[in-house]
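Engineer: See start.cif below, with mmCIF, C-alpha atoms.
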```cif
data_input
#
loop_
_atom_site.label_atom_id
_atom_site.label_comp_id
_atom_site.auth_asym_id
_atom_site.auth_seq_id
_atom_site.Cartn_x
_atom_site.Cartn_y
_atom_site.Cartn_z
CA MET Z 7 12.34 -28.97 1.86
CA SER Z 8 11.75 -25.89 4.06
CA ARG Z 9 10.63 -22.62 2.56
CA ILE Z 10 13.13 -19.80 2.09
CA ASN Z 11 12.41 -16.55 3.89
CA ARG Z 12 12.46 -13.65 1.42
CA ASN Z 13 14.24 -10.42 2.33
CA THR Z 14 13.48 -7.10 0.69
CA ALA Z 15 16.27 -4.76 -0.42
CA SER Z 16 15.46 -2.41 2.45
CA GLU Z 17 15.68 -5.26 4.97
CA LEU Z 18 19.07 -6.29 3.63
CA ALA Z 19 20.27 -2.68 3.77
CA ALA Z 20 18.92 -2.39 7.33
CA ALA Z 21 20.80 -5.55 8.32
CA ALA Z 22 24.05 -4.12 6.93
CA LEU Z 23 23.55 -0.87 8.83
CA LYS Z 24 22.71 -2.80 11.99
CA ASP Z 25 26.04 -4.64 11.77
CA GLU Z 26 27.87 -1.31 11.57
CA LEU Z 27 25.87 0.06 14.50
CA ARG Z 28 26.79 -2.98 16.59
CA LYS Z 29 30.45 -2.34 15.80
CA GLY Z 30 30.08 1.24 17.03
CA ARG Z 31 30.95 2.86 13.71
CA TRP Z 32 28.62 5.82 14.35
CA GLN Z 33 28.45 7.27 17.87
CA GLU Z 34 26.07 10.19 17.49
CA LYS Z 35 24.43 10.42 14.08
CA LEU Z 36 24.55 8.75 10.68
CA PRO Z 37 25.66 10.27 7.39
CA GLY Z 38 23.01 11.43 4.91
CA THR Z 39 20.72 8.99 3.12
CA ARG Z 40 22.39 9.48 -0.26
CA VAL Z 41 25.87 8.91 1.20
CA LEU Z 42 24.75 5.66 2.82
CA ALA Z 43 22.94 4.59 -0.35
CA LEU Z 44 26.07 5.13 -2.43
CA GLU Z 45 28.19 3.18 0.05
CA THR Z 46 25.85 0.18 0.21
CA GLY Z 47 24.93 0.16 -3.48
CA VAL Z 48 21.17 0.71 -3.13
CA SER Z 49 18.90 3.56 -4.22
CA PRO Z 50 18.20 6.48 -1.85
CA PRO Z 51 14.50 5.47 -1.46
CA VAL Z 52 15.54 1.94 -0.46
CA MET Z 53 18.07 3.31 2.01
CA LEU Z 54 15.45 5.66 3.49
CA ALA Z 55 13.11 2.69 3.95
CA ALA Z 56 15.94 0.81 5.70
CA LEU Z 57 16.56 3.76 8.05
CA ARG Z 58 12.85 3.99 8.83
CA LEU Z 59 12.85 0.28 9.60
CA LEU Z 60 15.74 0.71 12.06
CA GLU Z 61 13.91 3.66 13.59
CA GLN Z 62 10.85 1.46 14.16
CA GLU Z 63 13.07 -1.22 15.74
CA GLY Z 64 14.55 1.31 18.15
CA TRP Z 65 18.09 1.54 16.72
CA LEU Z 66 17.71 5.11 15.42
CA GLU Z 67 15.66 8.19 16.13
CA GLY Z 68 14.83 11.41 14.34
CA GLY Z 69 15.35 11.70 10.62
CA GLY Z 70 12.49 14.15 10.06
CA ASN Z 71 12.60 17.39 8.05
CA ARG Z 72 15.89 16.47 6.36
CA LYS Z 73 17.63 15.97 9.71
CA ALA Z 74 20.14 13.16 10.13
CA PHE Z 75 19.14 9.98 11.94
CA ARG Z 76 20.66 9.80 15.41
CA VAL Z 77 21.99 6.65 17.07
CA VAL Z 78 20.05 5.30 20.04
CA ARG Z 79 22.57 4.19 22.66
CA ARG Z 80 21.79 0.59 23.57
CA GLY Z 81 25.24 -0.94 24.05
CA ASP Z 82 26.93 -3.43 21.77
CA ALA Z 83 24.17 -5.99 22.06
CA GLY Z 84 21.57 -3.76 20.41
CA PRO Z 85 17.85 -4.00 21.19
CA ALA Z 86 16.90 -6.85 23.50
CA VAL Z 87 15.33 -9.90 21.90
CA VAL Z 88 12.50 -11.55 23.75
CA GLU Z 89 13.20 -15.25 24.04
CA VAL Z 90 10.04 -17.21 23.36
CA LYS Z 91 9.20 -20.50 21.82
CA ASN Z 92 9.76 -20.35 18.07
CA ARG Z 93 6.46 -19.82 16.30
CA ARG Z 94 5.38 -19.27 12.71
CA VAL Z 95 3.45 -16.57 10.91
CA ILE Z 96 2.70 -16.78 7.21
CA PHE Z 97 1.95 -13.95 4.80
CA VAL Z 98 -0.02 -15.18 1.80
CA THR Z 99 0.42 -12.97 -1.27
CA HIS Z 100 -0.86 -13.16 -4.83
CA ALA Z 101 2.31 -11.54 -6.21
CA ASP Z 102 5.97 -11.19 -5.26
CA ILE Z 103 6.58 -8.72 -2.44
CA GLY Z 104 8.34 -6.30 -4.80
CA ASP Z 105 5.19 -6.06 -6.93
CA LEU Z 106 2.92 -5.10 -4.03
CA PRO Z 107 2.03 -1.45 -3.28
CA HIS Z 108 4.65 0.42 -1.27
CA SER Z 109 2.37 0.91 1.73
CA THR Z 110 1.58 -2.82 1.86
CA ARG Z 111 5.28 -3.72 1.74
CA ARG Z 112 5.97 -1.31 4.58
CA VAL Z 113 3.28 -2.86 6.80
CA ILE Z 114 4.68 -6.33 6.13
CA GLU Z 115 8.22 -5.14 6.88
CA VAL Z 116 7.20 -3.60 10.23
CA VAL Z 117 5.26 -6.71 11.32
CA ARG Z 118 8.08 -8.98 10.18
CA SER Z 119 10.78 -7.01 12.00
CA GLN Z 120 8.79 -6.98 15.25
CA LEU Z 121 8.11 -10.71 15.09
CA LEU Z 122 11.71 -11.58 14.28
CA ARG Z 123 12.81 -9.70 17.39
CA ARG Z 124 10.48 -11.99 19.34
CA ASN Z 125 12.03 -15.05 17.72
CA TRP Z 126 9.09 -15.84 15.48
CA SER Z 127 9.55 -17.41 12.05
CA VAL Z 128 7.98 -15.32 9.29
CA GLU Z 129 7.31 -16.91 5.92
CA ILE Z 130 5.87 -15.63 2.65
CA VAL Z 131 3.90 -17.97 0.40
CA THR Z 132 2.95 -16.65 -3.04
CA PHE Z 133 0.31 -18.00 -5.40
CA ASP Z 134 -2.50 -16.38 -7.37
CA PHE Z 135 -5.59 -16.69 -5.18
CA LEU Z 136 -6.78 -13.24 -6.25
CA HIS Z 137 -8.70 -14.42 -9.30
CA ALA Z 138 -9.83 -17.79 -7.93
CA LYS Z 139 -13.62 -18.12 -7.88
CA ARG Z 140 -13.47 -20.91 -5.29
CA ALA Z 141 -10.97 -22.59 -3.00
CA HIS Z 142 -8.48 -24.97 -4.63
CA GLN Z 143 -7.49 -28.29 -3.13
CA SER Z 144 -3.87 -27.50 -4.05
CA TRP Z 145 -3.87 -24.84 -1.33
CA ASP Z 146 -3.92 -27.67 1.22
CA HIS Z 147 -0.36 -28.45 0.15
CA LEU Z 148 0.84 -24.85 -0.17
CA LEU Z 149 -0.21 -23.74 3.31
CA PRO Z 150 -0.13 -25.51 6.70
CA LEU Z 151 -3.44 -26.90 7.92
CA ASP Z 152 -2.53 -25.87 11.45
CA PRO Z 153 -4.90 -23.66 13.49
CA ALA Z 154 -1.92 -22.54 15.61
CA VAL Z 155 -0.24 -20.82 12.64
CA PRO Z 156 -1.62 -17.30 12.01
CA MET Z 157 -1.94 -16.44 8.32
CA ILE Z 158 -2.27 -12.95 6.85
CA ALA Z 159 -3.73 -12.91 3.33
CA VAL Z 160 -2.68 -9.74 1.49
CA PHE Z 161 -5.69 -8.38 -0.43
CA GLY Z 162 -7.75 -11.36 0.70
CA ARG Z 163 -10.70 -12.65 -1.25
CA PRO Z 164 -13.74 -14.77 -0.28
CA SER Z 165 -12.23 -17.85 -1.97
CA ILE Z 166 -9.20 -18.04 0.33
CA GLY Z 167 -11.33 -16.93 3.26
CA GLU Z 168 -13.74 -19.81 2.65
CA TRP Z 169 -10.77 -22.18 2.50
CA ALA Z 170 -9.50 -20.95 5.87
CA VAL Z 171 -12.94 -21.17 7.49
CA ARG Z 172 -13.46 -24.70 6.12
CA HIS Z 173 -10.21 -25.87 7.71
CA LYS Z 174 -10.81 -23.84 10.92
CA LEU Z 175 -7.60 -21.84 10.46
CA ARG Z 176 -6.62 -18.43 11.85
CA MET Z 177 -6.61 -15.93 9.00
CA LEU Z 178 -6.65 -12.15 8.78
CA PHE Z 179 -6.88 -10.04 5.62
CA LEU Z 180 -4.44 -7.17 5.08
CA GLY Z 181 -6.84 -5.34 2.83
CA GLY Z 182 -9.35 -7.19 0.69
CA ILE Z 183 -12.94 -8.37 0.71
CA THR Z 184 -14.46 -10.93 3.05
CA GLY Z 185 -18.05 -10.97 1.86
CA GLU Z 186 -20.02 -12.41 4.77
CA LEU Z 187 -17.12 -14.41 6.20
CA PRO Z 188 -16.12 -13.96 9.87
CA ILE Z 189 -12.56 -12.91 9.01
CA PRO Z 190 -11.00 -9.73 10.46
CA VAL Z 191 -9.68 -7.14 8.01
CA VAL Z 192 -6.93 -4.60 8.65
CA GLY Z 193 -6.41 -1.91 6.05
CA VAL Z 194 -7.24 1.54 4.76
CA LYS Z 195 -10.80 1.93 3.47
CA SER Z 196 -10.41 3.05 -0.15
CA SER Z 197 -13.85 4.63 -0.35
CA LEU Z 198 -12.76 7.11 2.36
CA LEU Z 199 -9.83 8.12 0.17
CA VAL Z 200 -12.19 8.68 -2.76
CA ASP Z 201 -14.48 10.74 -0.51
CA GLU Z 202 -11.56 12.97 0.50
CA ALA Z 203 -10.23 13.33 -3.06
CA MET Z 204 -13.69 14.11 -4.46
CA ARG Z 205 -14.30 16.75 -1.80
CA ARG Z 206 -11.04 18.50 -2.56
CA LEU Z 207 -11.51 18.34 -6.32
CA THR Z 208 -15.11 19.55 -6.33
CA ASP Z 209 -14.20 22.36 -3.92
CA LEU Z 210 -11.66 23.49 -6.52
CA GLY Z 211 -14.43 23.50 -9.14
CA HIS Z 212 -13.86 20.15 -10.86
CA ARG Z 213 -16.93 18.42 -12.27
CA GLN Z 214 -15.48 16.24 -15.04
CA ILE Z 215 -13.75 13.68 -12.83
CA VAL Z 216 -12.79 10.18 -13.98
CA LEU Z 217 -11.83 7.15 -11.85
CA PRO Z 218 -10.86 4.17 -14.08
CA LEU Z 219 -11.59 0.78 -12.47
CA CYS Z 220 -9.49 -2.02 -13.96
CA ASP Z 221 -9.87 -5.61 -12.72
CA ARG Z 222 -11.50 -4.63 -9.43
CA PRO Z 223 -13.82 -6.94 -7.45
CA PRO Z 224 -17.48 -5.97 -7.95
CA SER Z 225 -18.17 -5.06 -4.32
CA PHE Z 226 -14.97 -2.98 -4.10
CA ALA Z 227 -15.75 -1.20 -7.38
CA ALA Z 228 -19.33 -0.56 -6.23
CA SER Z 229 -18.15 1.18 -3.05
CA LEU Z 230 -15.84 3.49 -5.03
CA MET Z 231 -18.51 4.21 -7.62
CA GLU Z 232 -20.87 5.20 -4.81
CA SER Z 233 -18.27 7.59 -3.39
CA VAL Z 234 -17.76 9.25 -6.79
CA LYS Z 235 -21.54 9.44 -7.28
CA LEU Z 236 -22.13 11.08 -3.89
CA GLY Z 237 -19.25 13.49 -4.45
CA LEU Z 238 -20.73 14.67 -7.74
CA GLU Z 239 -24.30 14.86 -6.44
CA ARG Z 240 -23.05 17.06 -3.59
CA VAL Z 241 -22.31 19.77 -6.18
CA GLY Z 242 -25.35 19.07 -8.37
CA VAL Z 243 -23.63 17.06 -11.10
CA PRO Z 244 -25.37 13.95 -12.50
CA TYR Z 245 -23.28 10.79 -12.22
CA VAL Z 246 -22.66 8.82 -15.42
CA SER Z 247 -21.01 5.51 -14.55
CA THR Z 248 -19.61 4.84 -18.05
CA TYR Z 249 -17.84 8.20 -18.02
CA HIS Z 250 -16.98 8.92 -14.38
CA THR Z 251 -16.07 5.34 -13.41
CA PRO Z 252 -15.35 3.29 -16.56
CA GLN Z 253 -14.69 -0.39 -15.84
CA SER Z 254 -12.77 -3.25 -17.40
CA ASP Z 255 -12.18 -6.87 -16.39
CA TYR Z 256 -8.51 -6.48 -17.29
CA GLN Z 257 -5.60 -4.44 -16.00
CA ARG Z 258 -3.16 -3.87 -18.83
CA PRO Z 259 -1.42 -0.77 -20.21
CA ASP Z 260 -3.45 -0.84 -23.44
CA VAL Z 261 -6.70 -1.20 -21.48
CA ILE Z 262 -6.14 1.80 -19.18
CA TRP Z 263 -4.87 3.80 -22.17
CA ARG Z 264 -8.07 3.17 -24.16
CA MET Z 265 -10.32 3.89 -21.16
CA VAL Z 266 -8.80 7.30 -20.46
CA ASP Z 267 -8.41 8.15 -24.14
CA ALA Z 268 -12.12 7.42 -24.65
CA ALA Z 269 -12.98 9.75 -21.78
CA ILE Z 270 -10.83 12.51 -23.28
CA ALA Z 271 -12.53 12.07 -26.67
CA ARG Z 272 -16.01 12.10 -25.07
CA THR Z 273 -15.69 15.00 -22.61
CA PRO Z 274 -12.12 15.90 -21.63
CA PRO Z 275 -11.83 15.28 -17.87
CA THR Z 276 -10.36 18.02 -15.70
CA ALA Z 277 -9.28 15.53 -13.03
CA ILE Z 278 -8.40 11.84 -12.83
CA LEU Z 279 -8.29 9.63 -9.74
CA VAL Z 280 -5.90 6.70 -10.01
CA LEU Z 281 -5.83 3.58 -7.83
CA ASP Z 282 -2.63 1.96 -9.04
CA TRP Z 283 0.88 3.29 -9.64
CA LYS Z 284 1.26 1.29 -12.86
CA GLU Z 285 -1.97 2.80 -14.17
CA LEU Z 286 -0.70 6.26 -13.26
CA VAL Z 287 2.46 5.75 -15.32
CA THR Z 288 0.41 4.83 -18.42
CA ILE Z 289 -2.02 7.72 -17.88
CA ALA Z 290 0.86 10.21 -17.50
CA CYS Z 291 2.35 8.96 -20.79
CA LEU Z 292 -1.03 9.32 -22.51
CA LEU Z 293 -1.51 12.86 -21.23
CA HIS Z 294 1.96 13.81 -22.42
CA GLN Z 295 1.25 12.41 -25.88
CA ARG Z 296 -2.03 14.34 -26.03
CA GLY Z 297 -0.26 17.56 -25.01
CA LEU Z 298 -2.12 17.84 -21.70
CA ARG Z 299 -0.22 19.31 -18.77
CA ILE Z 300 -0.49 18.45 -15.07
CA PRO Z 301 -2.09 20.33 -13.33
CA ASP Z 302 -2.75 23.13 -15.83
CA ASP Z 303 -5.00 21.02 -18.03
CA ILE Z 304 -5.78 18.11 -15.75
CA SER Z 305 -5.37 17.36 -12.04
CA ILE Z 306 -4.17 13.97 -10.81
CA VAL Z 307 -4.67 12.22 -7.45
CA LEU Z 308 -3.11 8.87 -6.58
CA LEU Z 309 -5.40 6.98 -4.18
CA ASN Z 310 -2.48 5.19 -2.62
CA GLU Z 311 0.97 5.62 -1.14
CA GLN Z 312 3.92 4.88 -3.38
CA MET Z 313 7.61 5.48 -2.72
CA GLU Z 314 8.17 6.40 -6.38
CA ALA Z 315 5.57 9.17 -6.08
CA ASP Z 316 8.33 11.38 -4.62
CA TRP Z 317 10.00 11.24 -8.05
CA PHE Z 318 6.91 12.53 -9.87
CA PHE Z 319 6.94 16.06 -11.29
CA PRO Z 320 4.96 18.05 -10.41
CA LYS Z 321 4.80 16.67 -6.86
CA LEU Z 322 1.99 14.18 -6.83
CA ALA Z 323 -1.15 14.54 -4.73
CA CYS Z 324 -1.45 11.22 -2.87
CA PHE Z 325 -2.06 9.67 0.54
CA ARG Z 326 0.25 8.61 3.37
CA PHE Z 327 -0.91 5.45 5.08
CA PRO Z 328 -0.83 4.86 8.87
CA VAL Z 329 1.68 2.02 8.52
CA GLN Z 330 2.57 1.65 12.20
CA SER Z 331 -1.07 1.65 13.27
CA LEU Z 332 -1.95 -1.05 10.72
CA ALA Z 333 1.06 -3.13 11.77
CA ASN Z 334 0.10 -2.81 15.45
CA GLN Z 335 -3.41 -4.07 14.70
CA ILE Z 336 -1.97 -7.14 12.97
CA LEU Z 337 0.45 -7.80 15.83
CA ARG Z 338 -2.37 -7.60 18.37
CA TRP Z 339 -4.34 -10.14 16.34
CA ILE Z 340 -1.33 -12.46 16.12
CA ASP Z 341 -1.02 -12.24 19.92
CA GLY Z 342 -4.63 -13.36 20.26
CA LYS Z 343 -6.09 -9.90 20.85
CA SER Z 344 -8.55 -9.87 17.97
CA PRO Z 345 -9.52 -6.57 16.31
CA PRO Z 346 -12.93 -5.19 17.36
CA SER Z 347 -15.90 -6.81 15.62
CA SER Z 348 -16.92 -3.41 14.23
CA PRO Z 349 -13.67 -1.44 13.89
CA ARG Z 350 -13.67 2.21 12.97
CA PRO Z 351 -12.86 2.54 9.23
CA THR Z 352 -9.22 3.50 8.69
CA SER Z 353 -8.31 6.38 6.41
CA ALA Z 354 -5.00 7.98 5.43
CA ASP Z 355 -3.49 11.46 5.41
CA PHE Z 356 -3.91 13.45 2.22
CA GLU Z 357 -0.82 15.14 0.74
CA GLU Z 358 -1.90 17.85 -1.66
CA GLY Z 359 1.31 18.06 -3.65
CA ASP Z 360 1.41 20.17 -6.81
CA SER Z 361 -0.71 18.05 -9.16
CA LEU Z 362 -3.98 19.76 -8.15
CA ALA Z 363 -5.30 23.02 -9.58
CA ALA Z 364 -8.64 24.60 -10.38
CA PRO Z 365 -9.93 23.55 -13.81
CA GLY Z 366 -9.17 25.83 -16.74
CA THR Z 367 -5.92 27.25 -15.35
CA ALA Z 368 -3.92 26.55 -18.53
CA THR Z 369 -2.43 29.73 -19.94
CA GLY Z 370 -2.15 28.49 -23.51
#
```
Any chance you could put this one into structure tokens?

Structural biologist:
Amino acid sequence: MSRINRNTASELAAAALKDELRKGRWQEKLPGTRVLALETGVSPPVMLAALRLLEQEGWLEGGGNRKAFRVVRRGDAGPAVVEVKNRRVIFVTHADIGDLPHSTRRVIEVVRSQLLRRNWSVEIVTFDFLHAKRAHQSWDHLLPLDPAVPMIAVFGRPSIGEWAVRHKLRMLFLGGITGELPIPVVGVKSSLLVDEAMRRLTDLGHRQIVLPLCDRPPSFAASLMESVKLGLERVGVPYVSTYHTPQSDYQRPDVIWRMVDAAIARTPPTAILVLDWKELVTIACLLHQRGLRIPDDISIVLLNEQMEADWFFPKLACFRFPVQSLANQILRWIDGKSPPSSPRPTSADFEEGDSLAAPGTATG
């Protein structure tokens, strides 16, 4: 039985809009995002993602600064499709696409849309390789043992990398940790995000900064701990790992709650760095219960990009990832143009938002 290609809500919405564009429904510009969302029965963020996808495919242009998306005139046939021999690409994920970070989903969507236009078959295979200590023989039956099929492991780990190397397969990591394996990695370097966040927070006067680390690989956690340590030492503050970067082997709501609550009881932090959107939700609930206000009592920075962050009040300080650049790197690798052996670390653009303030600004 062949695998079923999975379509995200934004891809389905984009396909519906594409049908209307082919029919010539809109000649100059499209209605607003909310109007289109209401008509198609999806949320405004999903519709915006669909419009961005069509913009990347060359069907639309504009859409910045609250301006309407304009139709790119290409005739009834739409963008040309390059006719090539049908080939396969496989994304290997540890969780369903909808559970992955927003920025990761966007990269996958861009790569997928570009490959589909070139008549490639794109498949998604999901199983939990994230916590595997070593390669499993069952993976031989889940994935093709074909060196001609490029595979992109999302948040790759040495175990699946070792499996690919053993079978002489083409594999690239979209984020993750390779150890000493000769596997290319495309992704944003998280330690650079911590460096940027620490610089901005310490420049504002923050010294009691906490970055909870739940269920993070040791080497990844070590790199973030080093960034926090260097950021504090830059302003003459001694680094205490159990306070500034508490760790746990588990990622659950009760775990992150206890970690942050313990920090508040020990020495109330004036700023918290958060890696995961789910962790941020729990932390925000805890702060509300403790009567702490953002940013008057405590500043918050999300070390990621998340579509739902636009719904956070006050506007959340976060990062915007270079999605198109990351997707282009993956496409070049798929085409046989491997990334450089020593690529320049990739960072992301910081969006200050309204969740940052100097410590001690609460007015009582």

Engineer: Choose the residue, out of Z:Val41, Z:Val194, Z:Leu217, Z:Leu187, that has the smallest atom-to-atom separation from Asn310 of chain Z; count all atoms listed in the file.

Structural biologist: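 Distance minimum relative to Asn310 of chain Z lands on Z:Val194.
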
Engineer: Using all atoms listed in the file - which residues lie no farther than 12 Å from the point (12.3, 5.8, 0.6) in the file's frame? Write them as an mmCIF file with C-alpha atoms, in the coordinates of the input.

Structural biologist:
```cif
data_model
loop_
_atom_site.group_PDB
_atom_site.id
_atom_site.type_symbol
_atom_site.label_atom_id
_atom_site.label_comp_id
_atom_site.auth_asym_id
_atom_site.auth_seq_id
_atom_site.Cartn_x
_atom_site.Cartn_y
_atom_site.Cartn_z
ATOM 1 C CA ALA Z 15 16.270 -4.760 -0.420
ATOM 2 C CA SER Z 16 15.460 -2.410 2.450
ATOM 3 C CA THR Z 39 20.720 8.990 3.120
ATOM 4 C CA ARG Z 40 22.390 9.480 -0.260
ATOM 5 C CA ALA Z 43 22.940 4.590 -0.350
ATOM 6 C CA VAL Z 48 21.170 0.710 -3.130
ATOM 7 C CA SER Z 49 18.900 3.560 -4.220
ATOM 8 C CA PRO Z 50 18.200 6.480 -1.850
ATOM 9 C CA PRO Z 51 14.500 5.470 -1.460
ATOM 10 C CA VAL Z 52 15.540 1.940 -0.460
ATOM 11 C CA MET Z 53 18.070 3.310 2.010
ATOM 12 C CA LEU Z 54 15.450 5.660 3.490
ATOM 13 C CA ALA Z 55 13.110 2.690 3.950
ATOM 14 C CA ALA Z 56 15.940 0.810 5.700
ATOM 15 C CA LEU Z 57 16.560 3.760 8.050
ATOM 16 C CA ARG Z 58 12.850 3.990 8.830
ATOM 17 C CA LEU Z 59 12.850 0.280 9.600
ATOM 18 C CA HIS Z 108 4.650 0.420 -1.270
ATOM 19 C CA SER Z 109 2.370 0.910 1.730
ATOM 20 C CA ARG Z 111 5.280 -3.720 1.740
ATOM 21 C CA ARG Z 112 5.970 -1.310 4.580
ATOM 22 C CA GLU Z 311 0.970 5.620 -1.140
ATOM 23 C CA GLN Z 312 3.920 4.880 -3.380
ATOM 24 C CA MET Z 313 7.610 5.480 -2.720
ATOM 25 C CA GLU Z 314 8.170 6.400 -6.380
ATOM 26 C CA ALA Z 315 5.570 9.170 -6.080
ATOM 27 C CA ASP Z 316 8.330 11.380 -4.620
ATOM 28 C CA TRP Z 317 10.000 11.240 -8.050
#
```

Engineer: On this structure, which residues satisfy the PyMOL selection byres ((chain Z and resi 202-205) around 12), written as number ranges by chain?

Structural biologist: Z: 195-201, 206-217, 230-241, 250, 277-281, 305-310, 323-325, 353-358, 362

Engineer: Restricting the calculation to all atoms listed in the file: of Z:Val191, Z:Leu286, Z:Ala170, Z:Ile103, which residue gets closest to Pro218 of chain Z?

Structural biologist: Z:Leu286

Engineer: What is the distance between atom CA of Thr248 of chain Z and atom CA of Ser361 of chain Z, in Å to one decimal?

Structural biologist: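 Interatomic distance, atom CA of Thr248 of chain Z to atom CA of Ser361 of chain Z: 24.7 Å.
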
Engineer: Could you expand the PyMOL selection byres ((chain Z and resi 299) around 12) into the explicit residues it covers here, written as a VMD selection string?

Structural biologist: chain Z and resid 276 to 277 289 to 298 300 to 306 319 to 320 361 to 363 365 to 370

Engineer: Might you pull out every residue within 8 Å of segment 159-162 of chain Z, with only C-alpha atoms counted and same-chain residues fewer than 6 positions away left off, and present them as an NGL selection string?

Structural biologist: :Z and (97-100 or 136 or 177-184)

Engineer: For the residues in the current selection, export C-alpha atoms as a PDB file, in the frame of the given file.

Structural biologist:
```
ATOM      1  CA  PHE Z  97       1.950 -13.950   4.800  1.00  0.00           C
ATOM      2  CA  VAL Z  98      -0.020 -15.180   1.800  1.00  0.00           C
ATOM      3  CA  THR Z  99       0.420 -12.970  -1.270  1.00  0.00           C
ATOM      4  CA  HIS Z 100      -0.860 -13.160  -4.830  1.00  0.00           C
ATOM      5  CA  LEU Z 136      -6.780 -13.240  -6.250  1.00  0.00           C
ATOM      6  CA  MET Z 177      -6.610 -15.930   9.000  1.00  0.00           C
ATOM      7  CA  LEU Z 178      -6.650 -12.150   8.780  1.00  0.00           C
ATOM      8  CA  PHE Z 179      -6.880 -10.040   5.620  1.00  0.00           C
ATOM      9  CA  LEU Z 180      -4.440  -7.170   5.080  1.00  0.00           C
ATOM     10  CA  GLY Z 181      -6.840  -5.340   2.830  1.00  0.00           C
ATOM     11  CA  GLY Z 182      -9.350  -7.190   0.690  1.00  0.00           C
ATOM     12  CA  ILE Z 183     -12.940  -8.370   0.710  1.00  0.00           C
ATOM     13  CA  THR Z 184     -14.460 -10.930   3.050  1.00  0.00           C
TER      14      THR Z 184
END
```

Engineer: Using all atoms listed in the file, determine which residues lie at most 12 Å from Gln120 of chain Z, disregarding the query and same-chain residues fewer than 4 positions distant; provide the list as number ranges by chain.

Structural biologist: Z: 59-64, 85-88, 95, 113-116, 124-128, 330, 333-334, 336-338, 340

Engineer: With distances taken over only C-alpha atoms, which of Z:Lys29, Z:Lys35, Z:Arg163, Z:Arg94 is nearest to Ala74 of chain Z?

Structural biologist: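 The shortest atom-to-atom distance to Ala74 of chain Z comes from Z:Lys35.
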
Engineer: Please extract segment 230-244 of chain Z and write it out with N, CA and C atoms, as a CSV table (one decimal), in the first residue's frame.

Structural biologist:
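Saved the output as decode_32.csv:
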```csv
chain,number,residue,atom,x,y,z
Z,230,LEU,N,23.5,26.2,24.8
Z,230,LEU,CA,22.7,27.2,25.3
Z,230,LEU,C,23.1,27.7,26.7
Z,231,MET,N,23.5,26.8,27.5
Z,231,MET,CA,24.0,27.1,28.8
Z,231,MET,C,25.3,28.0,28.7
Z,232,GLU,N,26.1,27.7,27.7
Z,232,GLU,CA,27.3,28.5,27.5
Z,232,GLU,C,27.0,29.9,27.1
Z,233,SER,N,25.9,30.0,26.2
Z,233,SER,CA,25.5,31.4,25.8
Z,233,SER,C,25.0,32.2,27.0
Z,234,VAL,N,24.2,31.6,27.8
Z,234,VAL,CA,23.7,32.3,29.0
Z,234,VAL,C,24.8,32.6,29.9
Z,235,LYS,N,25.7,31.7,30.1
Z,235,LYS,CA,26.9,32.0,31.0
Z,235,LYS,C,27.7,33.2,30.5
Z,236,LEU,N,28.0,33.2,29.2
Z,236,LEU,CA,28.8,34.3,28.6
Z,236,LEU,C,28.1,35.6,28.7
Z,237,GLY,N,26.7,35.5,28.5
Z,237,GLY,CA,25.9,36.8,28.6
Z,237,GLY,C,25.9,37.4,30.0
Z,238,LEU,N,25.9,36.5,31.0
Z,238,LEU,CA,25.9,37.0,32.4
Z,238,LEU,C,27.3,37.5,32.7
Z,239,GLU,N,28.4,36.8,32.3
Z,239,GLU,CA,29.7,37.2,32.7
Z,239,GLU,C,30.1,38.5,32.0
Z,240,ARG,N,29.5,38.8,30.9
Z,240,ARG,CA,29.7,40.0,30.2
Z,240,ARG,C,29.4,41.2,31.1
Z,241,VAL,N,28.4,41.1,32.0
Z,241,VAL,CA,28.0,42.2,32.9
Z,241,VAL,C,28.4,41.9,34.3
Z,242,GLY,N,29.3,40.9,34.5
Z,242,GLY,CA,29.9,40.7,35.8
Z,242,GLY,C,29.0,39.9,36.8
Z,243,VAL,N,28.1,39.1,36.2
Z,243,VAL,CA,27.2,38.3,37.1
Z,243,VAL,C,27.6,36.8,37.0
Z,244,PRO,N,27.8,36.2,38.2
Z,244,PRO,CA,28.2,34.8,38.2
Z,244,PRO,C,27.1,33.9,37.8
```
